[in-house]
file final.cif (mmCIF, C-alpha atoms)
data_query
loop_
_atom_site.label_atom_id
_atom_site.label_comp_id
_atom_site.auth_asym_id
_atom_site.auth_seq_id
_atom_site.Cartn_x
_atom_site.Cartn_y
_atom_site.Cartn_z
CA MET A 55 -30.45 -5.82 2.06
CA PRO A 56 -32.94 -7.94 4.00
CA HIS A 57 -32.97 -11.55 2.91
CA ALA A 58 -35.57 -14.30 3.12
CA HIS A 59 -34.35 -15.37 6.57
CA ASP A 60 -34.85 -11.81 7.90
CA LEU A 61 -38.60 -11.90 7.20
CA PRO A 62 -40.89 -12.23 10.19
CA SER A 63 -43.95 -14.44 9.85
CA PHE A 64 -47.01 -12.40 8.98
CA LYS A 65 -50.73 -12.64 8.32
CA VAL A 66 -52.18 -11.15 5.16
CA GLY A 67 -55.28 -8.97 5.47
CA LEU A 68 -57.22 -7.07 2.79
CA THR A 69 -58.91 -3.69 2.98
CA GLU A 70 -61.23 -2.70 0.11
CA THR A 71 -62.04 0.92 -0.68
CA LYS A 72 -63.83 1.08 -4.00
CA ALA A 73 -63.09 4.03 -6.30
CA PRO A 74 -66.27 6.05 -6.87
CA SER A 75 -65.09 7.29 -10.26
CA ASN A 76 -65.95 4.20 -12.34
CA PRO A 77 -68.61 1.47 -12.35
CA LEU A 78 -66.16 -1.32 -11.38
CA GLY A 79 -64.71 0.60 -8.42
CA ILE A 80 -61.15 -0.09 -9.63
CA LYS A 81 -58.03 2.08 -9.54
CA GLY A 82 -54.45 1.76 -10.60
CA CYS A 83 -51.74 1.09 -8.08
CA GLY A 84 -48.05 0.24 -8.17
CA GLU A 85 -45.02 0.15 -5.88
CA ALA A 86 -47.04 1.61 -3.03
CA GLY A 87 -44.63 0.39 -0.38
CA ALA A 88 -41.58 1.42 -2.36
CA ILE A 89 -42.53 5.10 -2.71
CA ALA A 90 -42.65 6.35 0.85
CA SER A 91 -40.79 3.82 2.96
CA PRO A 92 -37.18 4.33 1.74
CA ALA A 93 -37.54 8.10 2.12
CA ALA A 94 -39.02 7.67 5.60
CA VAL A 95 -36.20 5.35 6.70
CA ILE A 96 -33.43 7.52 5.27
CA ASN A 97 -35.03 10.65 6.77
CA ALA A 98 -35.11 8.93 10.14
CA ILE A 99 -31.41 8.00 9.89
CA THR A 100 -30.24 11.43 8.73
CA ASP A 101 -32.32 12.99 11.52
CA ALA A 102 -30.66 10.69 14.05
CA ILE A 103 -27.06 11.21 12.96
CA GLY A 104 -27.36 14.86 11.89
CA THR A 105 -26.30 14.60 8.24
CA GLU A 106 -28.19 16.10 5.33
CA ASP A 107 -28.27 12.98 3.21
CA LEU A 108 -27.27 9.33 3.10
CA ALA A 109 -27.05 7.26 -0.06
CA MET A 110 -28.91 3.95 0.03
CA PRO A 111 -28.41 1.22 0.99
CA ALA A 112 -27.99 2.33 4.60
CA THR A 113 -25.61 -0.43 5.61
CA ALA A 114 -24.08 -0.35 9.08
CA GLN A 115 -20.82 0.82 7.55
CA ALA A 116 -22.48 3.60 5.52
CA VAL A 117 -24.27 4.94 8.58
CA TRP A 118 -21.11 4.70 10.70
CA SER A 119 -19.01 6.45 8.06
CA ALA A 120 -21.55 9.25 7.59
CA ALA A 121 -21.90 9.82 11.33
CA HIS A 122 -18.12 9.72 11.71
CA ALA A 123 -17.44 12.14 8.83
CA TYR A 124 -20.12 14.51 10.15
CA ALA A 125 -18.70 14.47 13.69
CA THR A 126 -15.16 15.05 12.39
CA ALA A 127 -16.27 17.85 10.03
CA SER A 128 -18.27 19.57 12.78
CA CYS A 129 -15.21 19.45 14.99
CA ARG A 130 -13.01 21.03 12.36
CA VAL A 131 -15.50 23.82 11.67
CA ILE A 132 -15.52 24.70 15.34
CA GLN A 133 -11.73 24.85 15.19
CA GLY A 134 -11.97 27.19 12.17
CA ASP A 135 -10.43 24.91 9.54
CA SER A 136 -11.13 26.62 6.22
CA ASP A 137 -10.27 23.53 4.13
CA VAL A 138 -13.51 21.81 4.99
CA GLN A 139 -16.03 21.98 2.20
CA PHE A 140 -19.65 21.39 2.96
CA HIS A 141 -22.17 19.91 0.63
CA PHE A 142 -25.79 20.75 1.26
CA PRO A 143 -27.95 18.50 -0.88
CA SER A 144 -31.11 20.33 0.15
CA SER A 145 -30.11 23.47 -1.73
CA ASP A 146 -28.59 21.58 -4.68
CA ASN A 147 -31.60 19.37 -5.19
CA GLY A 148 -34.15 22.14 -5.29
CA SER A 149 -34.42 22.04 -9.04
CA SER A 150 -33.74 18.36 -9.66
CA GLY A 151 -37.26 17.17 -9.03
CA GLY A 152 -36.65 16.16 -5.45
CA GLY A 153 -34.54 13.11 -6.26
CA THR A 154 -32.35 12.18 -3.34
CA ALA A 155 -29.15 10.24 -3.65
CA GLY A 156 -29.65 6.53 -3.89
CA ALA A 157 -33.32 6.70 -4.85
CA MET B 118 -12.32 -33.52 2.30
CA ALA B 119 -14.11 -32.76 5.55
CA GLY B 120 -17.51 -31.05 5.17
CA GLY B 121 -16.67 -29.67 1.74
CA HIS B 122 -18.29 -26.31 2.39
CA SER B 123 -15.16 -24.40 1.48
CA LEU B 124 -13.56 -26.83 -0.98
CA LEU B 125 -16.62 -27.56 -3.13
CA PRO B 126 -17.48 -23.89 -3.81
CA VAL B 127 -13.83 -23.31 -4.75
CA MET B 128 -13.97 -26.28 -7.13
CA LYS B 129 -17.24 -24.96 -8.58
CA LEU B 130 -15.44 -21.71 -9.37
CA ARG B 131 -12.68 -23.77 -11.04
CA LEU B 132 -10.14 -22.33 -8.63
CA ALA B 133 -9.18 -25.80 -7.45
CA ASN B 134 -9.06 -28.93 -9.54
CA PRO B 135 -7.81 -31.85 -7.44
CA SER B 136 -7.26 -35.10 -9.33
CA ALA B 137 -8.74 -37.09 -6.46
CA LEU B 138 -10.71 -36.36 -3.31
CA ILE B 139 -10.79 -38.47 -0.16
CA ASP B 140 -13.97 -38.03 1.84
CA LEU B 141 -13.23 -38.35 5.55
CA SER B 142 -16.84 -38.54 6.67
CA LEU B 143 -16.88 -42.32 7.11
CA VAL B 144 -13.58 -42.51 9.00
CA GLU B 145 -14.39 -43.71 12.50
CA GLY B 146 -13.39 -41.95 15.69
CA MET B 147 -13.03 -38.51 14.17
CA SER B 148 -16.20 -36.90 15.44
CA GLY B 149 -17.83 -36.15 18.75
CA VAL B 150 -17.39 -33.86 21.73
CA GLU B 151 -15.73 -35.20 24.89
CA GLN B 152 -14.75 -33.77 28.23
CA LYS B 153 -11.28 -34.87 29.32
CA GLY B 154 -10.40 -33.55 32.74
CA ARG B 155 -10.87 -29.82 32.46
CA SER B 156 -10.44 -29.83 28.70
CA ILE B 157 -12.93 -30.22 25.89
CA VAL B 158 -11.87 -32.36 22.94
CA ILE B 159 -13.76 -31.99 19.67
CA GLY B 160 -13.19 -34.50 16.87
CA ALA B 161 -12.13 -32.88 13.60
CA MET B 162 -15.12 -34.25 11.66
CA THR B 163 -17.67 -32.97 14.18
CA ARG B 164 -20.30 -30.97 12.30
CA HIS B 165 -20.99 -27.42 13.48
CA ALA B 166 -24.61 -28.34 14.33
CA ASP B 167 -23.52 -31.32 16.45
CA ALA B 168 -20.95 -29.26 18.35
CA ALA B 169 -23.43 -26.42 18.89
CA ASN B 170 -26.07 -28.83 20.20
CA SER B 171 -23.67 -30.90 22.35
CA PRO B 172 -24.99 -30.87 25.95
CA VAL B 173 -21.41 -31.37 27.23
CA LEU B 174 -20.11 -28.37 25.32
CA GLN B 175 -23.09 -26.20 26.24
CA GLN B 176 -22.59 -27.00 29.90
CA VAL B 177 -18.79 -26.82 30.15
CA SER B 178 -18.13 -23.96 27.73
CA PRO B 179 -21.19 -22.06 26.49
CA GLY B 180 -18.83 -19.46 25.04
CA LEU B 181 -17.20 -22.06 22.80
CA ALA B 182 -20.57 -23.67 21.96
CA SER B 183 -21.81 -20.32 20.64
CA VAL B 184 -19.12 -20.35 17.94
CA PRO B 185 -20.39 -23.29 15.83
CA ALA B 186 -23.95 -22.09 16.55
CA SER B 187 -23.12 -18.82 14.79
CA VAL B 188 -21.57 -20.31 11.64
CA GLY B 189 -23.31 -19.64 8.30
CA ASP B 190 -26.79 -21.07 7.90
CA PRO B 191 -28.39 -24.45 8.81
CA GLN B 192 -27.13 -26.10 5.61
CA VAL B 193 -23.54 -25.10 6.34
CA ARG B 194 -23.82 -26.06 10.01
CA ASN B 195 -25.14 -29.51 9.10
CA ARG B 196 -22.20 -30.29 6.78
CA GLY B 197 -19.29 -28.05 7.79
CA THR B 198 -16.79 -29.37 10.35
CA ILE B 199 -14.44 -27.88 12.92
CA GLY B 200 -11.44 -29.64 11.36
CA GLY B 201 -12.26 -28.30 7.92
CA SER B 202 -12.74 -24.79 9.21
CA VAL B 203 -9.49 -24.80 11.19
CA ALA B 204 -7.43 -26.39 8.40
CA ASN B 205 -8.78 -23.97 5.80
CA ASN B 206 -8.08 -20.90 8.00
CA ASP B 207 -10.39 -18.66 6.01
CA PRO B 208 -9.73 -15.09 7.22
CA ASN B 209 -13.46 -14.71 7.96
CA ALA B 210 -14.06 -18.10 9.61
CA ASP B 211 -15.23 -18.35 13.23
CA TYR B 212 -13.35 -21.36 14.63
CA PRO B 213 -9.84 -19.89 14.20
CA ALA B 214 -10.87 -17.09 16.62
CA ALA B 215 -12.09 -19.67 19.14
CA CYS B 216 -8.87 -21.74 18.83
CA LEU B 217 -6.59 -18.74 19.23
CA GLY B 218 -8.87 -17.09 21.78
CA LEU B 219 -8.87 -20.14 24.04
CA GLY B 220 -5.29 -21.25 23.46
CA ALA B 221 -6.41 -24.54 21.91
CA THR B 222 -4.14 -27.37 20.83
CA ILE B 223 -4.59 -28.68 17.29
CA ILE B 224 -3.97 -32.43 17.24
CA THR B 225 -3.00 -34.01 13.94
CA ASN B 226 -2.11 -37.53 12.84
CA LYS B 227 1.53 -36.57 13.49
CA ARG B 228 1.78 -34.07 16.35
CA ARG B 229 0.20 -31.49 18.65
CA ILE B 230 0.37 -27.85 17.57
CA ALA B 231 -0.46 -24.86 19.78
CA ALA B 232 -3.00 -22.51 18.18
CA ASP B 233 -0.47 -19.67 18.58
CA ASP B 234 1.84 -21.53 16.17
CA PHE B 235 -0.83 -23.04 13.94
CA PHE B 236 -2.39 -20.10 12.08
CA THR B 237 0.36 -18.70 9.88
CA GLY B 238 -1.60 -16.34 7.59
CA MET B 239 -4.61 -16.11 5.34
CA PHE B 240 -5.62 -19.66 4.23
CA SER B 241 -2.29 -20.80 5.58
CA THR B 242 -1.47 -23.08 8.53
CA ALA B 243 1.42 -25.06 10.01
CA LEU B 244 -0.01 -28.26 8.49
CA GLU B 245 2.36 -30.15 6.24
CA ASP B 246 1.58 -32.34 3.25
CA GLY B 247 -0.07 -35.56 4.33
CA GLU B 248 -0.94 -34.16 7.74
CA ILE B 249 -4.59 -34.02 8.79
CA ILE B 250 -6.26 -32.65 11.90
CA THR B 251 -7.84 -35.35 14.04
CA LYS B 252 -8.93 -33.36 17.10
CA ASP B 253 -9.00 -29.93 18.65
CA GLN B 254 -8.39 -29.66 22.37
CA PHE B 255 -9.68 -26.62 24.25
CA PRO B 256 -8.52 -25.97 27.82
CA GLY B 257 -11.19 -25.21 30.40
CA CYS B 258 -11.45 -21.56 31.33
CA GLU B 259 -13.34 -19.36 33.77
CA LYS B 260 -14.84 -16.94 31.31
CA ALA B 261 -15.23 -16.95 27.55
CA ALA B 262 -17.51 -15.44 24.92
CA TYR B 263 -17.68 -14.82 21.20
CA GLU B 264 -19.32 -11.91 19.41
CA LYS B 265 -19.45 -11.43 15.69
CA PHE B 266 -20.73 -8.95 13.16
CA LYS B 267 -22.30 -11.23 10.59
CA HIS B 268 -22.18 -10.59 6.91
CA PRO B 269 -25.94 -10.44 6.26
CA ALA B 270 -25.90 -12.81 3.26
CA SER B 271 -23.22 -15.39 4.03
CA GLY B 272 -23.20 -15.36 7.83
CA PHE B 273 -19.40 -15.10 7.71
CA ALA B 274 -17.76 -12.92 10.36
CA LEU B 275 -17.16 -9.46 8.92
CA VAL B 276 -15.42 -9.20 12.27
CA GLY B 277 -15.57 -11.70 15.13
CA VAL B 278 -13.93 -11.39 18.55
CA PHE B 279 -13.35 -14.21 21.03
CA VAL B 280 -12.35 -13.29 24.58
CA SER B 281 -11.32 -15.63 27.39
CA LYS B 282 -9.82 -15.65 30.86
CA ARG B 283 -8.00 -18.65 32.28
CA GLY B 284 -6.17 -17.60 35.43
CA SER B 285 -3.67 -14.98 34.30
CA ASP B 286 -3.94 -16.08 30.66
CA ILE B 287 -6.16 -13.48 28.99
CA ARG B 288 -6.84 -13.69 25.30
CA VAL B 289 -8.56 -11.50 22.74
CA ALA B 290 -8.60 -13.11 19.30
CA VAL B 291 -10.00 -11.45 16.19
CA THR B 292 -11.18 -13.02 12.96
CA GLY B 293 -12.53 -11.36 9.81
CA ALA B 294 -10.64 -8.13 10.35
CA GLY B 295 -6.96 -8.85 9.73
CA ALA B 296 -5.63 -8.87 6.18
CA ASN B 297 -3.42 -11.74 7.31
CA GLY B 298 -6.07 -13.81 9.07
CA VAL B 299 -6.81 -14.36 12.74
CA PHE B 300 -4.74 -12.39 15.29
CA ARG B 301 -4.56 -11.48 19.00
CA VAL B 302 -4.94 -7.92 20.29
CA LYS B 303 -2.13 -7.58 22.82
CA SER B 304 -3.05 -4.02 23.81
CA PHE B 305 -6.56 -5.17 24.79
CA GLU B 306 -5.17 -8.20 26.63
CA GLU B 307 -2.83 -5.96 28.65
CA ALA B 308 -5.69 -3.60 29.55
CA LEU B 309 -7.81 -6.57 30.67
CA LYS B 310 -5.15 -7.87 33.07
CA LYS B 311 -6.21 -5.28 35.65
CA ARG B 312 -9.86 -6.12 35.32
CA PHE B 313 -11.53 -8.54 32.92
CA ALA B 314 -14.48 -6.32 31.99
CA ALA B 315 -15.83 -4.32 29.07
CA LYS B 316 -15.09 -1.13 30.98
CA SER B 317 -11.34 -1.80 30.84
CA LEU B 318 -11.49 -1.32 27.06
CA GLU B 319 -13.61 1.84 27.15
CA GLY B 320 -12.50 4.17 24.37
CA MET B 321 -9.78 1.76 23.16
CA THR B 322 -9.35 1.14 19.45
CA ILE B 323 -6.85 -0.56 17.22
CA PRO B 324 -5.18 1.04 14.19
CA ALA B 325 -6.67 0.39 10.75
CA THR B 326 -3.30 -0.58 9.30
CA GLY B 327 -3.19 -4.28 8.49
CA MET B 328 -6.98 -4.54 8.45
CA ASN B 329 -8.76 -6.19 5.58
CA SER B 330 -10.74 -3.91 3.28
CA ASP B 331 -13.38 -4.95 0.75
CA ILE B 332 -16.79 -3.94 -0.59
CA HIS B 333 -18.43 -5.08 2.66
CA ALA B 334 -16.34 -3.04 5.10
CA SER B 335 -13.41 -0.64 5.01
CA ALA B 336 -10.27 -1.15 7.10
CA GLU B 337 -11.34 1.74 9.37
CA TYR B 338 -14.78 0.24 9.95
CA ARG B 339 -13.32 -3.19 10.70
CA ALA B 340 -10.89 -1.64 13.20
CA HIS B 341 -13.81 0.16 14.83
CA LEU B 342 -15.82 -3.09 15.02
CA VAL B 343 -12.95 -4.88 16.79
CA GLY B 344 -13.32 -2.53 19.76
CA VAL B 345 -17.12 -2.67 19.78
CA LEU B 346 -17.29 -6.46 19.52
CA ALA B 347 -14.54 -6.98 22.11
CA ARG B 348 -16.56 -4.93 24.60
CA ARG B 349 -19.74 -6.83 23.73
CA ALA B 350 -17.97 -10.16 24.14
CA LEU B 351 -16.60 -9.08 27.52
CA ALA B 352 -20.05 -7.97 28.65
CA LYS B 353 -21.37 -11.40 27.64
CA ALA B 354 -18.49 -13.28 29.29
CA THR B 355 -18.86 -11.43 32.59
CA ALA B 356 -22.68 -11.30 32.68
#
call {"tool": "encode", "arguments": {"input": "final.cif", "output": "structure tokens"}}
result
Amino acid sequence: MPHAHDLPSFKVGLTETKAPSNPLGIKGCGEAGAIASPAAVINAITDAIGTEDLAMPATAQAVWSAAHAYATASCRVIQGDSDVQFHFPSSDNGSSGGGTAGA
Amino acid sequence: MAGGHSLLPVMKLRLANPSALIDLSLVEGMSGVEQKGRSIVIGAMTRHADAANSPVLQQVSPGLASVPASVGDPQVRNRGTIGGSVANNDPNADYPAACLGLGATIITNKRRIAADDFFTGMFSTALEDGEIITKDQFPGCEKAAYEKFKHPASGFALVGVFVSKRGSDIRVAVTGAGANGVFRVKSFEEALKKRFAAKSLEGMTIPATGMNSDIHASAEYRAHLVGVLARRALAKATA
């Protein structure tokens, strides 16, 4: 988890786009940053290391272990080891509303 | 009590309940960094921040100076001391790696103890009752560097590796990883005798047996980090 000392200094800016659907121009909003960013980060990591999924938080150890397990499993498949069982979250999660592990 | 940054948290958790505490911070002559011949002598009550910012230490041994600079956060560095860190021998502390990795001599009110004989296990040292550390003496060396994988919250070394070369004396000392505290990696030291460079350790690992394992890192991951950090430290030392 990032902590206070990990934060860079930043400037705050505002952009206003009024909603045309009501006289005040207001709209509801919540957790905007929390919806897309974790999925984007985890997608980037799984893309980089070749796994199907990675449970959050993506600590250095979690990423290392996943990459390691994937490399070892790939090796064994090439050698024809039938004991290796694969788990494909993409097919399992089709009916679960798209929830990925760790969300 | 030296800086109190290990003892006071332990007392807060009610794990220690001493009937009396003696604060050493006003005892004269126990702090400061001095160059003596080719050696560096650091007083036991020298705060991490003062050691890290010492112009003498930065000039003579930047590798050693980087150790106190990497400890914890500013609050810890402004109170914590080298003597306290060495005497406590926390398995994740930074200074034990520097002492063992440089072949330091721990000087107490009674005797001089070689670092190789001083650290006897997790939170355990050769110190006897009534014996306190007054100074740590570090021999000068040609090359030295410290690299650590910081725990993101505490700044403690999940794994830290100190490497040094002094003539034919080559040392690789590891903190944070061993279940029994700081230790030397003889296989790495042997490999570095041919050439003191990161390349000499290419592909080398150490077994996960005897490594510490907790919620922050498994024994396998710690063993992996030892190799990675040793190569990084060597790259830094030979840059």
call {"tool": "interface_residues", "arguments": {"input": "final.cif", "of": "chain B", "to": "chain A", "cutoff": "9 Å", "atoms": "only C-alpha atoms", "output": "PyMOL selection string"}}
result
chain B and resi 269-270+333-335+338
call {"tool": "residues_around", "arguments": {"input": "final.cif", "residues": "region 94-103 of chain A", "least_positions_apart": "5", "cutoff": "10 Å", "atoms": "all atoms listed in the file", "output": "list in words"}}
result
Ile89, Leu108, Ala109, Met110, Pro111, Ala112, Val117, Trp118, Ala120, Ala121, His122, Tyr124, Ala125, Thr154 and Gly156 of chain A
call {"tool": "closest_residue", "arguments": {"input": "final.cif", "among": "B:Leu318, B:Ile199, B:Ala356, B:Cys258", "to": "Ser156 (chain B)", "atoms": "only C-alpha atoms"}}
result
B:Cys258
call {"tool": "resolve_selection", "arguments": {"input": "final.cif", "expression": "the PyMOL selection byres ((chain B and resi 321-327) around 8)", "output": "PyMOL selection string"}}
result
chain B and resi 295-297+305+318-320+328-329+336-337+339-341+343-344
call {"tool": "resolve_selection", "arguments": {"input": "final.cif", "expression": "the PyMOL selection byres ((chain B and resi 150) around 9)", "output": "PyMOL selection string"}}
result
chain B and resi 148-149+151-152+157-160+163+167-168+171+173-174
call {"tool": "closest_residue", "arguments": {"input": "final.cif", "among": "B:Thr251, B:Ser317, B:Ser281, B:Asn205", "to": "Val144 (chain B)", "atoms": "all atoms listed in the file"}}
result
B:Thr251
call {"tool": "resolve_selection", "arguments": {"input": "final.cif", "expression": "the PyMOL selection byres ((chain B and resi 314) around 12)", "output": "VMD selection string"}}
result
chain B and resid 260 to 262 280 to 282 287 305 to 306 308 to 313 315 to 319 347 to 356
call {"tool": "atom_distance", "arguments": {"input": "final.cif", "atom1": "CA of Asp190 (chain B)", "atom2": "CA of Pro172 (chain B)"}}
result
20.6 Å
call {"tool": "atom_distance", "arguments": {"input": "final.cif", "atom1": "CA of Ile250 (chain B)", "atom2": "CA of Arg228 (chain B)"}}
result
9.3 Å
call {"tool": "atom_distance", "arguments": {"input": "final.cif", "atom1": "CA of Ser187 (chain B)", "atom2": "CA of Ser142 (chain B)"}}
result
22.2 Å
call {"tool": "closest_residue", "arguments": {"input": "final.cif", "among": "B:Gly277, B:Pro179, B:Pro208, B:Pro191", "to": "Glu259 (chain B)", "atoms": "only C-alpha atoms"}}
result
B:Pro179
call {"tool": "residues_around", "arguments": {"input": "final.cif", "residues": "Glu248 (chain B)", "least_positions_apart": "3", "cutoff": "9 Å", "atoms": "all atoms listed in the file", "output": "MDAnalysis selection string"}}
result
chainID B and resid 225:227 244:245
call {"tool": "decode", "arguments": {"input": "final.cif", "residues": "region 201-220 of chain B", "atoms": "N, CA and C atoms", "output": "PDB file, in the first residue's frame"}}
result
ATOM      1  N   GLY B 201      22.587   1.117  20.089  1.00  0.00           N
ATOM      2  CA  GLY B 201      21.315   0.477  20.396  1.00  0.00           C
ATOM      3  C   GLY B 201      20.953  -0.563  19.352  1.00  0.00           C
ATOM      4  N   SER B 202      21.168  -0.209  18.099  1.00  0.00           N
ATOM      5  CA  SER B 202      20.832  -1.117  17.007  1.00  0.00           C
ATOM      6  C   SER B 202      21.673  -2.386  17.058  1.00  0.00           C
ATOM      7  N   VAL B 203      22.975  -2.200  17.314  1.00  0.00           N
ATOM      8  CA  VAL B 203      23.898  -3.343  17.332  1.00  0.00           C
ATOM      9  C   VAL B 203      23.620  -4.231  18.556  1.00  0.00           C
ATOM     10  N   ALA B 204      23.381  -3.605  19.711  1.00  0.00           N
ATOM     11  CA  ALA B 204      23.143  -4.378  20.937  1.00  0.00           C
ATOM     12  C   ALA B 204      21.825  -5.145  20.871  1.00  0.00           C
ATOM     13  N   ASN B 205      20.843  -4.554  20.199  1.00  0.00           N
ATOM     14  CA  ASN B 205      19.524  -5.190  20.117  1.00  0.00           C
ATOM     15  C   ASN B 205      19.542  -6.374  19.141  1.00  0.00           C
ATOM     16  N   ASN B 206      20.360  -6.244  18.082  1.00  0.00           N
ATOM     17  CA  ASN B 206      20.476  -7.291  17.051  1.00  0.00           C
ATOM     18  C   ASN B 206      19.118  -7.779  16.561  1.00  0.00           C
ATOM     19  N   ASP B 207      18.264  -6.816  16.225  1.00  0.00           N
ATOM     20  CA  ASP B 207      16.983  -7.151  15.592  1.00  0.00           C
ATOM     21  C   ASP B 207      17.299  -7.854  14.266  1.00  0.00           C
ATOM     22  N   PRO B 208      16.603  -8.950  13.952  1.00  0.00           N
ATOM     23  CA  PRO B 208      16.927  -9.682  12.718  1.00  0.00           C
ATOM     24  C   PRO B 208      16.678  -8.866  11.447  1.00  0.00           C
ATOM     25  N   ASN B 209      15.965  -7.742  11.557  1.00  0.00           N
ATOM     26  CA  ASN B 209      15.717  -6.909  10.379  1.00  0.00           C
ATOM     27  C   ASN B 209      16.466  -5.576  10.416  1.00  0.00           C
ATOM     28  N   ALA B 210      17.359  -5.404  11.407  1.00  0.00           N
ATOM     29  CA  ALA B 210      18.059  -4.129  11.536  1.00  0.00           C
ATOM     30  C   ALA B 210      19.187  -4.015  10.514  1.00  0.00           C
ATOM     31  N   ASP B 211      19.575  -2.767  10.196  1.00  0.00           N
ATOM     32  CA  ASP B 211      20.570  -2.537   9.149  1.00  0.00           C
ATOM     33  C   ASP B 211      22.010  -2.622   9.652  1.00  0.00           C
ATOM     34  N   TYR B 212      22.289  -2.025  10.820  1.00  0.00           N
ATOM     35  CA  TYR B 212      23.674  -1.958  11.284  1.00  0.00           C
ATOM     36  C   TYR B 212      24.362  -3.326  11.463  1.00  0.00           C
ATOM     37  N   PRO B 213      23.652  -4.358  11.949  1.00  0.00           N
ATOM     38  CA  PRO B 213      24.343  -5.650  12.063  1.00  0.00           C
ATOM     39  C   PRO B 213      24.953  -6.109  10.729  1.00  0.00           C
ATOM     40  N   ALA B 214      24.244  -5.827   9.604  1.00  0.00           N
ATOM     41  CA  ALA B 214      24.794  -6.210   8.293  1.00  0.00           C
ATOM     42  C   ALA B 214      26.065  -5.426   7.999  1.00  0.00           C
ATOM     43  N   ALA B 215      26.073  -4.134   8.365  1.00  0.00           N
ATOM     44  CA  ALA B 215      27.265  -3.320   8.122  1.00  0.00           C
ATOM     45  C   ALA B 215      28.434  -3.799   8.977  1.00  0.00           C
ATOM     46  N   CYS B 216      28.166  -4.139  10.252  1.00  0.00           N
ATOM     47  CA  CYS B 216      29.233  -4.599  11.163  1.00  0.00           C
ATOM     48  C   CYS B 216      29.837  -5.912  10.657  1.00  0.00           C
ATOM     49  N   LEU B 217      28.958  -6.854  10.321  1.00  0.00           N
ATOM     50  CA  LEU B 217      29.447  -8.150   9.859  1.00  0.00           C
ATOM     51  C   LEU B 217      30.042  -8.028   8.451  1.00  0.00           C
ATOM     52  N   GLY B 218      29.435  -7.175   7.638  1.00  0.00           N
ATOM     53  CA  GLY B 218      29.875  -7.016   6.257  1.00  0.00           C
ATOM     54  C   GLY B 218      31.180  -6.248   6.109  1.00  0.00           C
ATOM     55  N   LEU B 219      31.580  -5.543   7.151  1.00  0.00           N
ATOM     56  CA  LEU B 219      32.856  -4.822   7.103  1.00  0.00           C
ATOM     57  C   LEU B 219      33.880  -5.424   8.055  1.00  0.00           C
ATOM     58  N   GLY B 220      33.490  -6.433   8.807  1.00  0.00           N
ATOM     59  CA  GLY B 220      34.404  -7.006   9.788  1.00  0.00           C
ATOM     60  C   GLY B 220      34.729  -6.007  10.881  1.00  0.00           C
TER      61      GLY B 220
END
